[in-house]
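What follows is run-v5.txt (compact mmCIF, C-alpha atoms and all ligand atoms).
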```
# COMPACT_ATOMS: atom_id res chain seq x y z
CA MET A 929 -148.54 -18.54 64.00
CA PRO A 930 -148.91 -22.05 62.58
CA GLU A 931 -148.14 -23.73 65.88
CA GLU A 932 -151.20 -22.29 67.58
CA ASN A 933 -153.57 -23.83 65.12
CA ASN A 934 -152.00 -27.27 65.26
CA SER A 935 -154.00 -28.47 68.21
CA ASP A 936 -157.24 -27.45 66.47
CA GLN A 937 -156.55 -29.65 63.50
CA PRO A 938 -158.76 -32.72 63.45
CA ASN A 939 -155.89 -34.98 62.40
CA LYS A 940 -153.83 -33.95 65.39
CA PRO A 941 -153.07 -36.96 67.65
CA GLU A 942 -155.62 -36.99 70.46
CA PRO A 943 -153.50 -38.07 73.48
CA GLU A 944 -151.25 -35.01 73.47
CA ALA A 945 -154.17 -32.61 73.25
CA SER A 946 -155.90 -34.48 76.01
CA ALA A 947 -152.87 -34.41 78.26
CA SER A 948 -152.51 -30.69 77.94
CA ALA A 949 -156.19 -30.22 78.44
CA ILE A 950 -156.06 -32.24 81.63
CA PHE A 951 -153.13 -30.17 82.77
CA VAL A 952 -155.01 -26.96 82.09
CA ALA A 953 -158.00 -28.24 83.97
CA MET A 954 -155.87 -29.16 86.94
CA MET A 955 -154.18 -25.81 86.92
CA ARG A 956 -157.51 -24.03 86.74
CA GLN A 957 -158.82 -25.87 89.74
CA ALA A 958 -155.69 -25.15 91.69
CA ALA A 959 -155.84 -21.49 90.71
CA ALA A 960 -159.50 -21.29 91.58
CA LYS A 961 -158.79 -22.56 95.06
CA ALA A 962 -155.94 -20.15 95.51
CA VAL A 963 -157.81 -17.12 94.19
CA SER A 964 -161.04 -17.76 96.06
CA LYS A 965 -159.30 -17.29 99.42
CA PRO A 966 -158.23 -13.64 98.96
CA ALA A 967 -161.87 -12.89 97.96
CA ALA A 968 -161.00 -11.87 94.40
CA SER A 969 -159.64 -8.44 95.19
CA ALA A 970 -159.18 -7.55 91.52
CA ASP A 971 -162.78 -8.21 90.55
CA GLY A 972 -163.23 -4.90 88.78
CA ASP A 973 -160.89 -5.91 85.98
CA ASP A 974 -163.05 -7.62 83.34
CA SER A 975 -160.52 -7.66 80.55
CA VAL A 976 -158.51 -10.42 82.17
CA PRO A 977 -160.33 -13.74 82.26
CA ASP A 978 -161.12 -14.62 85.84
CA LEU A 979 -159.90 -18.10 86.54
CA ALA A 980 -162.13 -18.38 89.60
CA ASP A 981 -165.25 -17.58 87.57
CA PRO A 982 -167.84 -20.33 88.11
CA ALA A 983 -169.00 -19.92 84.49
CA SER A 984 -165.64 -20.88 83.11
CA GLU A 985 -165.29 -23.52 85.79
CA GLY A 986 -168.29 -25.31 84.34
CA GLU A 987 -166.69 -25.54 80.93
CA VAL A 988 -163.82 -27.67 82.16
CA SER A 989 -163.65 -30.70 80.00
CA LEU A 990 -161.10 -32.81 78.20
CA GLU A 991 -161.62 -30.77 75.05
CA PRO A 992 -159.81 -27.46 75.48
CA PRO A 993 -161.92 -24.46 74.53
CA PRO A 994 -160.38 -22.44 71.66
CA GLU A 995 -159.72 -19.36 73.80
CA SER A 996 -157.75 -21.37 76.37
CA HIS A 997 -154.79 -21.88 74.02
CA ASP A 998 -153.33 -18.49 74.75
CA ILE A 999 -153.83 -18.93 78.47
CA ARG A 1000 -152.22 -22.34 78.34
CA ARG A 1001 -149.15 -21.05 76.55
CA VAL A 1002 -148.76 -18.14 78.95
CA ARG A 1003 -149.08 -20.51 81.87
CA ARG A 1004 -146.40 -22.77 80.49
CA ARG A 1005 -144.06 -19.84 80.10
CA LEU A 1006 -144.77 -18.69 83.62
CA ILE A 1007 -144.08 -22.16 84.98
CA LEU A 1008 -140.86 -22.44 83.01
CA ARG A 1009 -139.66 -18.97 83.95
CA ARG A 1010 -140.53 -19.06 87.59
CA PRO A 1011 -137.38 -17.64 89.27
CA HIS A 1012 -135.51 -19.76 91.73
CA PRO A 1013 -133.72 -17.50 94.25
CA SER A 1014 -131.21 -20.15 95.20
CA SER A 1015 -130.27 -20.82 91.60
CA MET A 1016 -129.51 -17.10 90.94
CA ALA A 1017 -126.98 -16.90 93.78
CA GLY A 1018 -125.60 -20.25 92.81
CA GLY A 1019 -125.11 -19.12 89.24
CA PHE A 1020 -123.34 -16.00 90.33
CA PHE A 1021 -120.83 -17.78 92.52
CA GLY A 1022 -120.54 -20.53 89.99
CA ALA A 1023 -119.53 -18.01 87.34
CA ILE A 1024 -116.91 -16.51 89.65
CA PHE A 1025 -115.59 -19.94 90.45
CA VAL A 1026 -115.26 -20.78 86.77
CA VAL A 1027 -113.47 -17.51 86.03
CA VAL A 1028 -111.00 -17.95 88.89
CA LEU A 1029 -110.34 -21.55 88.04
CA SER A 1030 -109.77 -20.89 84.34
CA THR A 1031 -107.52 -17.90 85.10
CA ALA A 1032 -105.37 -19.99 87.42
CA LEU A 1033 -105.24 -22.72 84.84
CA VAL A 1034 -104.18 -20.41 82.01
CA ALA A 1035 -101.58 -18.68 84.20
CA THR A 1036 -100.08 -21.99 85.20
CA LEU A 1037 -99.90 -23.14 81.62
CA LEU A 1038 -98.32 -19.88 80.43
CA MET A 1039 -95.66 -20.23 83.12
CA PHE A 1040 -94.40 -23.36 81.40
CA PHE A 1041 -94.59 -22.20 77.83
CA ILE A 1042 -93.31 -18.58 77.89
CA ASP A 1043 -89.61 -18.09 77.33
CA PRO A 1044 -87.86 -16.31 80.26
CA GLU A 1045 -86.25 -13.93 77.76
CA PHE A 1046 -89.70 -12.71 76.84
CA VAL A 1047 -89.35 -10.04 79.57
CA ASN A 1048 -86.78 -7.35 78.80
CA PRO A 1049 -83.66 -8.15 80.89
CA ALA A 1050 -83.42 -4.56 82.12
CA VAL A 1051 -87.01 -4.60 83.28
CA ALA A 1052 -86.54 -7.98 84.94
CA ARG A 1053 -83.47 -6.67 86.77
CA GLY A 1054 -85.38 -3.60 87.90
CA LEU A 1055 -88.13 -5.76 89.35
CA GLN A 1056 -85.72 -7.81 91.42
CA LEU A 1057 -84.83 -6.90 94.99
CA ASN A 1058 -81.23 -6.81 96.10
CA GLY A 1059 -80.04 -8.27 99.38
CA ASP A 1060 -81.23 -5.33 101.45
CA GLY A 1061 -84.74 -5.57 100.15
CA VAL A 1062 -84.23 -2.38 98.17
CA VAL A 1063 -85.30 -2.18 94.56
CA ALA A 1064 -82.23 -2.61 92.39
CA GLY A 1065 -81.01 0.65 90.90
CA ALA A 1066 -82.42 2.80 93.70
CA ALA A 1067 -78.93 3.15 95.16
CA ASP A 1068 -77.87 4.98 92.00
CA VAL A 1069 -80.29 7.84 92.76
CA ARG A 1070 -78.46 10.65 94.53
CA PRO A 1071 -79.91 13.86 95.93
CA THR A 1072 -79.73 16.92 93.74
CA PRO A 1073 -76.49 18.76 94.55
CA GLY A 1074 -78.18 22.18 94.51
CA GLY A 1075 -80.92 21.29 96.98
CA THR A 1076 -84.56 21.93 96.26
CA PRO A 1077 -84.89 23.82 93.00
CA HIS A 1078 -86.51 27.24 93.16
CA TRP A 1079 -89.54 26.21 91.16
CA LEU A 1080 -90.40 23.73 93.89
CA ARG A 1081 -90.38 26.49 96.50
CA ARG A 1082 -93.87 27.85 96.94
CA ILE A 1083 -94.43 31.33 98.32
CA GLY A 1084 -97.77 32.97 99.04
CA ILE A 1085 -98.23 36.76 99.06
CA ILE A 1086 -101.47 38.15 100.43
CA SER A 1087 -102.35 41.53 98.99
CA GLY A 1088 -104.06 42.90 102.08
CA HIS A 1089 -107.80 43.70 101.71
CA ARG A 1090 -107.81 42.66 98.07
CA GLY A 1091 -110.99 40.98 96.87
CA LYS A 1092 -114.16 40.69 98.85
CA GLY A 1093 -114.12 41.41 102.56
CA ALA A 1094 -115.39 39.23 105.37
CA SER A 1095 -118.95 40.47 104.80
CA GLY A 1096 -118.77 39.78 101.07
CA GLY A 1097 -118.52 43.44 100.00
CA ARG A 1098 -115.53 45.43 98.85
CA ASP A 1099 -112.99 46.16 101.59
CA PRO A 1100 -110.52 48.97 100.93
CA GLY A 1101 -108.88 48.56 104.34
CA ALA A 1102 -107.69 51.79 105.93
CA ILE A 1103 -108.59 55.03 104.13
CA CYS A 1104 -107.06 58.49 104.04
CA GLN A 1105 -109.63 61.27 103.53
CA ASP A 1106 -109.17 64.86 102.56
CA VAL A 1107 -110.66 67.77 104.52
CA TYR A 1108 -113.98 67.28 102.71
CA GLY A 1109 -114.19 63.63 103.75
CA ASN A 1110 -113.37 62.27 100.29
CA PRO A 1111 -111.03 59.28 100.27
CA PHE A 1112 -107.84 59.84 98.29
CA LEU A 1113 -105.71 56.91 99.43
CA THR A 1114 -106.68 53.34 100.31
CA GLU A 1115 -104.62 50.73 102.06
CA ALA A 1116 -105.68 48.09 99.51
CA ASP A 1117 -104.02 50.12 96.71
CA ILE A 1118 -100.77 50.49 98.66
CA ASN A 1119 -100.68 46.77 99.46
CA PHE A 1120 -101.46 45.75 95.89
CA ALA A 1121 -98.71 47.93 94.42
CA VAL A 1122 -96.14 46.22 96.63
CA ALA A 1123 -97.58 42.69 96.45
CA THR A 1124 -97.60 42.54 92.66
CA ARG A 1125 -93.98 43.72 92.57
CA VAL A 1126 -92.90 41.11 95.12
CA VAL A 1127 -94.67 38.38 93.16
CA ALA A 1128 -93.09 39.47 89.88
CA SER A 1129 -89.67 39.65 91.47
CA LEU A 1130 -89.85 36.19 93.04
CA GLU A 1131 -91.28 34.71 89.85
CA SER A 1132 -88.34 36.11 87.91
CA MET A 1133 -86.16 34.02 90.24
CA ASN A 1134 -88.17 30.92 89.34
CA TYR A 1135 -90.06 30.60 92.59
CA ALA A 1136 -93.64 29.39 92.49
CA VAL A 1137 -95.50 32.42 93.82
CA GLU A 1138 -99.20 32.93 94.42
CA LEU A 1139 -100.84 36.33 94.76
CA LEU A 1140 -103.66 35.82 97.25
CA ASP A 1141 -106.71 37.86 98.17
CA GLU A 1142 -107.45 38.75 101.78
CA TYR A 1143 -110.16 36.09 101.98
CA ASP A 1144 -108.80 33.89 99.24
CA PRO A 1145 -110.43 30.43 99.24
CA ARG A 1146 -107.00 28.93 98.62
CA LEU A 1147 -105.95 30.01 102.10
CA HIS A 1148 -107.84 27.11 103.64
CA ASP A 1149 -105.22 24.54 104.57
CA TYR A 1150 -102.75 26.60 102.51
CA ARG A 1151 -99.34 24.97 102.16
CA ALA A 1152 -96.26 26.92 101.18
CA ASP A 1153 -92.65 27.45 102.21
CA ALA A 1154 -93.57 30.97 103.30
CA LEU A 1155 -96.68 33.13 103.48
CA VAL A 1156 -96.45 36.91 103.88
CA SER A 1157 -99.47 39.16 104.25
CA LEU A 1158 -98.85 42.78 103.25
CA HIS A 1159 -100.74 45.60 104.96
CA ALA A 1160 -100.43 49.28 105.83
CA ASN A 1161 -101.53 50.84 109.07
CA THR A 1162 -104.36 53.22 109.76
CA CYS A 1163 -104.53 56.81 108.51
CA TYR A 1164 -106.12 57.87 111.79
CA ASP A 1165 -104.69 61.03 113.33
CA PHE A 1166 -103.68 60.04 116.85
CA GLY A 1167 -102.74 63.64 117.64
CA GLU A 1168 -99.11 62.63 117.87
CA TYR A 1169 -96.48 61.34 115.48
CA VAL A 1170 -97.07 57.59 115.07
CA SER A 1171 -94.67 55.96 112.61
CA GLY A 1172 -92.97 52.69 111.82
CA PHE A 1173 -93.50 49.21 110.41
CA ILE A 1174 -94.66 46.20 112.42
CA VAL A 1175 -94.09 42.49 111.77
CA ALA A 1176 -95.97 39.83 113.69
CA ILE A 1177 -96.80 36.14 113.68
CA SER A 1178 -99.68 34.14 115.05
CA GLU A 1179 -99.88 34.00 118.83
CA ALA A 1180 -100.37 30.26 118.38
CA ARG A 1181 -96.88 29.83 116.89
CA PRO A 1182 -93.79 29.59 119.09
CA ASP A 1183 -91.41 32.53 119.22
CA PHE A 1184 -88.44 30.39 118.20
CA GLY A 1185 -89.76 28.48 115.18
CA ALA A 1186 -89.86 28.98 111.46
CA ASP A 1187 -92.57 31.64 111.72
CA ALA A 1188 -90.43 33.74 114.08
CA PHE A 1189 -87.44 33.36 111.78
CA LEU A 1190 -89.55 34.52 108.84
CA ARG A 1191 -90.74 37.48 110.91
CA GLU A 1192 -87.17 38.46 111.80
CA CYS A 1193 -85.95 38.06 108.22
CA ILE A 1194 -88.70 40.40 107.03
CA GLY A 1195 -88.13 42.82 109.91
CA GLU A 1196 -84.37 43.04 109.55
CA ASN A 1197 -84.35 43.40 105.78
CA PHE A 1198 -87.29 45.80 105.66
CA GLY A 1199 -85.68 47.94 108.33
CA ALA A 1200 -82.40 47.96 106.42
CA GLN A 1201 -83.90 49.13 103.13
CA VAL A 1202 -86.88 51.29 104.11
CA PRO A 1203 -86.31 54.53 106.08
CA LEU A 1204 -88.82 53.70 108.78
CA PRO A 1205 -88.30 52.59 112.38
CA ARG A 1206 -89.46 49.17 113.46
CA SER A 1207 -92.40 49.41 115.82
CA TYR A 1208 -93.35 46.65 118.24
CA ASN A 1209 -96.89 47.93 118.67
CA VAL A 1210 -98.27 44.51 117.81
CA THR A 1211 -102.06 44.27 118.04
CA GLU A 1212 -104.51 41.37 118.26
CA ASP A 1213 -105.46 42.07 114.64
CA MET A 1214 -102.02 40.75 113.78
CA THR A 1215 -101.54 37.94 116.32
CA GLN A 1216 -105.12 36.70 115.87
CA TYR A 1217 -105.21 37.43 112.15
CA HIS A 1218 -107.99 35.40 110.47
CA VAL A 1219 -105.54 33.80 108.06
CA TRP A 1220 -103.68 32.06 110.88
CA ARG A 1221 -106.75 29.95 111.61
CA LYS A 1222 -106.98 28.80 107.98
CA ILE A 1223 -103.51 27.92 106.72
CA HIS A 1224 -101.81 24.57 107.21
CA PRO A 1225 -100.05 24.32 110.61
CA LEU A 1226 -96.68 23.78 108.93
CA THR A 1227 -96.86 26.86 106.69
CA PRO A 1228 -94.68 29.65 108.13
CA GLY A 1229 -96.60 32.90 108.05
CA THR A 1230 -96.08 36.52 108.99
CA ILE A 1231 -98.01 39.75 108.59
CA LEU A 1232 -96.28 43.02 107.79
CA GLU A 1233 -97.75 46.45 108.45
CA MET A 1234 -95.44 48.43 106.18
CA GLY A 1235 -96.09 51.79 107.83
CA TYR A 1236 -98.70 54.26 109.03
CA MET A 1237 -100.64 55.83 106.21
CA LEU A 1238 -100.58 59.28 107.80
CA ALA A 1239 -97.05 59.80 109.10
CA ASP A 1240 -95.35 57.39 106.66
CA GLN A 1241 -97.48 58.28 103.65
CA ALA A 1242 -94.62 59.41 101.43
CA VAL A 1243 -92.59 56.24 102.02
CA LEU A 1244 -95.63 54.06 101.39
CA THR A 1245 -96.68 55.75 98.14
CA GLU A 1246 -93.66 57.28 96.45
CA ASP A 1247 -91.45 54.24 95.92
CA PRO A 1248 -93.30 50.90 95.94
CA ASP A 1249 -90.28 49.32 94.23
CA ARG A 1250 -88.20 49.94 97.33
CA LEU A 1251 -90.84 48.45 99.59
CA ALA A 1252 -91.10 45.41 97.31
CA ARG A 1253 -87.32 44.94 97.23
CA ALA A 1254 -87.23 45.00 101.03
CA VAL A 1255 -90.03 42.43 101.34
CA THR A 1256 -88.46 40.22 98.69
CA ALA A 1257 -85.10 40.35 100.44
CA GLY A 1258 -86.78 39.32 103.68
CA ILE A 1259 -88.48 36.35 102.01
CA LEU A 1260 -85.24 35.23 100.36
CA CYS A 1261 -83.46 35.58 103.71
CA PHE A 1262 -85.94 33.08 105.11
CA ILE A 1263 -86.19 30.72 102.14
CA GLU A 1264 -82.46 30.40 101.65
CA ASN A 1265 -81.49 30.11 105.30
CA VAL A 1266 -84.32 28.44 107.20
CA GLY A 1267 -83.26 25.19 108.79
CA LYS A 1268 -79.54 25.98 108.58
CA PRO A 1269 -77.62 25.73 111.87
CA HIS A 1270 -76.73 29.41 112.24
CA THR A 1271 -80.38 30.44 111.95
CA ARG A 1272 -81.52 28.31 114.86
CA LEU A 1273 -83.11 30.49 117.49
CA GLN A 1274 -82.62 30.16 121.20
CA ALA A 1275 -86.01 30.02 122.85
CA ASP A 1276 -85.05 32.40 125.66
CA GLN A 1277 -83.23 34.95 123.55
CA GLY A 1278 -86.06 36.34 121.45
CA ALA A 1279 -85.13 37.99 118.21
CA GLY A 1280 -81.60 38.52 119.50
CA GLY A 1281 -80.98 34.80 119.14
CA TYR A 1282 -81.13 34.99 115.35
CA VAL A 1283 -78.36 35.64 112.95
CA ILE A 1284 -80.34 37.39 110.25
CA PRO A 1285 -78.71 37.62 106.83
CA LEU A 1286 -79.21 41.01 105.25
CA LEU A 1287 -79.48 40.68 101.52
CA PRO A 1288 -78.04 43.29 99.15
CA THR A 1289 -80.41 45.88 97.77
CA SER A 1290 -79.83 44.71 94.20
CA THR A 1291 -82.86 42.38 94.31
CA PRO A 1292 -84.37 42.71 90.85
CA ILE A 1293 -87.81 44.19 90.52
CA PHE A 1294 -89.82 43.54 87.38
CA ARG A 1295 -92.93 45.59 86.87
CA SER A 1296 -95.93 43.48 85.96
ZN ZN B 1 -104.89 45.99 106.68
```

What does this structure look like when you write it as structure tokens?
Amino acid sequence: MPEENNSDQPNKPEPEASASAIFVAMMRQAAAKAVSKPAASADGDDSVPDLADPASEGEVSLEPPPESHDIRRVRRRLILRRPHPSSMAGGFFGAIFVVVLSTALVATLLMFFIDPEFVNPAVARGLQLNGDGVVAGAADVRPTPGGTPHWLRRIGIISGHRGKGASGGRDPGAICQDVYGNPFLTEADINFAVATRVVASLESMNYAVELLDEYDPRLHDYRADALVSLHANTCYDFGEYVSGFIVAISEARPDFGADAFLRECIGENFGAQVPLPRSYNVTEDMTQYHVWRKIHPLTPGTILEMGYMLADQAVLTEDPDRLARAVTAGILCFIENVGKPHTRLQADQGAGGYVIPLLPTSTPIFRS
């Protein structure tokens, strides 16, 4: 560091060295006054030279001691670098001002120098508004003649009791047991056999279909054109012949809306294709079904108990294809006719107010 030694050279001009020495002396005195008031709280630290030390105070003279060079240089830096809060904020806003000003300036200049043909004429035309304030070209867009394409129609199928139950464990649903108490038929298996066939069938018709578990996380705020939950009824022996399928909707939904139309489409088509009577033994398990509290309010939903696992066991197990065809036909009945004038339901007429299309039994079934 050649610069450090310059002031020690004998041929160095005296006035400059004296001026800095006077400055250092002044600063020392000022620092000594300032430090003496807080009673030198950091006395224990001996490595740092104590500016308030009386011993060093006595050495103050016009000739700077050799060890004071470093201190002097540090002090100068500290003085020069002392932050000014007002200047930081000022610099920040000043920089923004400069950027905004220069941007406006450049934009104004470019406006004069760029050729109008620089922008593609087609793009320029598209950016212009016509007299009605409508973007030009928008009038050329016409609705698709065929309506909403199938792949935009979303259908959810809940395979009843599939996946984890409400308590987190496995939930087979209703169970049929033999005379030794061993289960030989579970509701979950019946539901799954039908649900997978319905999903495969609707997918083959290019619908967007989702196979959902009983407590599927996707059911929260679930949005679809239709949601059908497939179940089978208890295997309990009531001591009498209890048979039939049941369709129900949420008690929170009106009996003349889309949900009721979906329910009637399923009921009419299932009854037409499956040799079981329709039962109206609707329970709170169906009208207060947990799914109804989760799905989006505008998603039409219905729950189907396809039959009783004791009396209707043969129908439920021997031909799942037939059950799936009936459910699929019911869903198509709803999807293809909901919102059309002839399907509008009179509020005071119940199910009799519907005109329910019965679909042919040729609905394709593709095994998955
Ligand atoms: Zn069930």

At most 9 Å from ligand ZN 1 (chain B) (all atoms listed in the file): residue list as a PDB file with C-alpha atoms, keeping the file's coordinate frame:
```
ATOM      1  CA  GLY A1088    -104.060  42.900 102.080  1.00  0.00           C
ATOM      2  CA  HIS A1089    -107.800  43.700 101.710  1.00  0.00           C
ATOM      3  CA  PRO A1100    -110.520  48.970 100.930  1.00  0.00           C
ATOM      4  CA  GLY A1101    -108.880  48.560 104.340  1.00  0.00           C
ATOM      5  CA  ALA A1102    -107.690  51.790 105.930  1.00  0.00           C
ATOM      6  CA  GLU A1115    -104.620  50.730 102.060  1.00  0.00           C
ATOM      7  CA  ALA A1116    -105.680  48.090  99.510  1.00  0.00           C
ATOM      8  CA  ASN A1119    -100.680  46.770  99.460  1.00  0.00           C
ATOM      9  CA  LEU A1158     -98.850  42.780 103.250  1.00  0.00           C
ATOM     10  CA  HIS A1159    -100.740  45.600 104.960  1.00  0.00           C
ATOM     11  CA  ALA A1160    -100.430  49.280 105.830  1.00  0.00           C
ATOM     12  CA  ASN A1161    -101.530  50.840 109.070  1.00  0.00           C
ATOM     13  CA  THR A1162    -104.360  53.220 109.760  1.00  0.00           C
ATOM     14  CA  ASP A1213    -105.460  42.070 114.640  1.00  0.00           C
ATOM     15  CA  GLU A1233     -97.750  46.450 108.450  1.00  0.00           C
TER      16      GLU A1233
END
```

Within 9 Å of (-96.1, 37.6, 101.3), in the coordinates the file gives, what residues turn up when you count all atoms listed in the file, written out as a list in words?
Ile1083, Gly1084, Ile1085, Ile1086, Ser1087, Ala1123, Val1126, Val1127, Glu1138, Leu1139, Leu1140, Ala1154, Leu1155, Val1156, Ser1157, Leu1158, Gly1229, Thr1230, Ile1231, Leu1232, Val1255, Thr1256 and Ile1259 of chain A

Output the selection as a PDB file, in the coordinates of the input - C-alpha atoms for each residue.
```
ATOM      1  CA  ILE A1083     -94.430  31.330  98.320  1.00  0.00           C
ATOM      2  CA  GLY A1084     -97.770  32.970  99.040  1.00  0.00           C
ATOM      3  CA  ILE A1085     -98.230  36.760  99.060  1.00  0.00           C
ATOM      4  CA  ILE A1086    -101.470  38.150 100.430  1.00  0.00           C
ATOM      5  CA  SER A1087    -102.350  41.530  98.990  1.00  0.00           C
ATOM      6  CA  ALA A1123     -97.580  42.690  96.450  1.00  0.00           C
ATOM      7  CA  VAL A1126     -92.900  41.110  95.120  1.00  0.00           C
ATOM      8  CA  VAL A1127     -94.670  38.380  93.160  1.00  0.00           C
ATOM      9  CA  GLU A1138     -99.200  32.930  94.420  1.00  0.00           C
ATOM     10  CA  LEU A1139    -100.840  36.330  94.760  1.00  0.00           C
ATOM     11  CA  LEU A1140    -103.660  35.820  97.250  1.00  0.00           C
ATOM     12  CA  ALA A1154     -93.570  30.970 103.300  1.00  0.00           C
ATOM     13  CA  LEU A1155     -96.680  33.130 103.480  1.00  0.00           C
ATOM     14  CA  VAL A1156     -96.450  36.910 103.880  1.00  0.00           C
ATOM     15  CA  SER A1157     -99.470  39.160 104.250  1.00  0.00           C
ATOM     16  CA  LEU A1158     -98.850  42.780 103.250  1.00  0.00           C
ATOM     17  CA  GLY A1229     -96.600  32.900 108.050  1.00  0.00           C
ATOM     18  CA  THR A1230     -96.080  36.520 108.990  1.00  0.00           C
ATOM     19  CA  ILE A1231     -98.010  39.750 108.590  1.00  0.00           C
ATOM     20  CA  LEU A1232     -96.280  43.020 107.790  1.00  0.00           C
ATOM     21  CA  VAL A1255     -90.030  42.430 101.340  1.00  0.00           C
ATOM     22  CA  THR A1256     -88.460  40.220  98.690  1.00  0.00           C
ATOM     23  CA  ILE A1259     -88.480  36.350 102.010  1.00  0.00           C
TER      24      ILE A1259
END
```

I'd like the contact shell of stretch 1096-1098 of chain A - 12 Å cut-off, only C-alpha atoms, skipping same-chain residues fewer than 4 positions apart - returned as a ChimeraX atom specification.
/A:1089-1092,1114,1116,1141-1144

Residue nearest A:Glu1246 - candidates A:Arg1146, A:Gly1019, A:Gln957, A:Val1202, atoms counted: all atoms listed in the file
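Closest residue, counting all atoms listed in the file: A:Val1202.
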
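The nearest approach to A:Leu1251 among the residues A:Met954, A:Leu1204, A:Leu1080, A:Cys1104, with only C-alpha atoms taken into account, belongs to A:Leu1204.
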
May I ask for the distance between atom CA of A:Arg1181 and atom CA of A:Val1219, given in Å to one decimal place?
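One can read the atom CA of A:Arg1181 to atom CA of A:Val1219 distance as 13.0 Å.
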
Kindly indicate which residue among A:Leu1038, A:Leu1130, A:Ala1176, A:Ala959 lies nearest to A:Gln1216, using all atoms listed in the file for the distances.
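That would be A:Ala1176, the residue with the smallest distance to A:Gln1216.
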
Find, counting all atoms listed in the file, the residue in A:Tyr1236, A:Phe1021, A:Tyr1135, A:Phe1040 that gets nearest to A:Asp1165.
A:Tyr1236

For atom CA of A:Ser1207 and atom CA of A:Phe1173, quote the distance in Å rounded to one decimal.
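One can read the atom CA of A:Ser1207 to atom CA of A:Phe1173 distance as 5.5 Å.
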
Every residue with an atom at most 7 Å from (-97.9, 43.6, 116.2) (file coordinates; only C-alpha atoms) is what I'm after, so could you write them as a ChimeraX atom specification?
/A:1174-1176,1208-1211,1214-1215

Writing out the chosen residues with C-alpha atoms as a compact mmCIF listing (two decimals), in the coordinates of the input:
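And here is the file that came out, out-v6.txt:
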```
# COMPACT_ATOMS: atom_id res chain seq x y z
CA ILE A 1174 -94.66 46.20 112.42
CA VAL A 1175 -94.09 42.49 111.77
CA ALA A 1176 -95.97 39.83 113.69
CA TYR A 1208 -93.35 46.65 118.24
CA ASN A 1209 -96.89 47.93 118.67
CA VAL A 1210 -98.27 44.51 117.81
CA THR A 1211 -102.06 44.27 118.04
CA MET A 1214 -102.02 40.75 113.78
CA THR A 1215 -101.54 37.94 116.32
```

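For A:Leu1226, the non-local neighbours within 12 Å, defined as residues at least 4 positions apart in the same chain or in other chains and counting all atoms listed in the file, are Asp1149, Tyr1150, Arg1151, Ala1152, Asp1153, Ala1154, Leu1155, Arg1181, Gly1185, Ala1186, Asp1187, Trp1220 and Lys1222 of chain A.
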
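Atom CA of A:Pro1248 to atom CA of A:Ala1200 spans 15.4 Å [interatomic distance, one decimal].
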
Nearest residue to A:Glu1192 from the set A:Pro1111, A:Gly1258, A:Gly1018, A:Gly1267 (distances using all atoms listed in the file)
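Among A:Pro1111, A:Gly1258, A:Gly1018, A:Gly1267, it is A:Gly1258 that comes nearest to A:Glu1192.
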
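Each of A:Ala1035, A:Asn1197, A:Ala1188, A:Pro1203 was compared to A:Ala1242 using all atoms listed in the file, and A:Pro1203 turns out to be the nearest.
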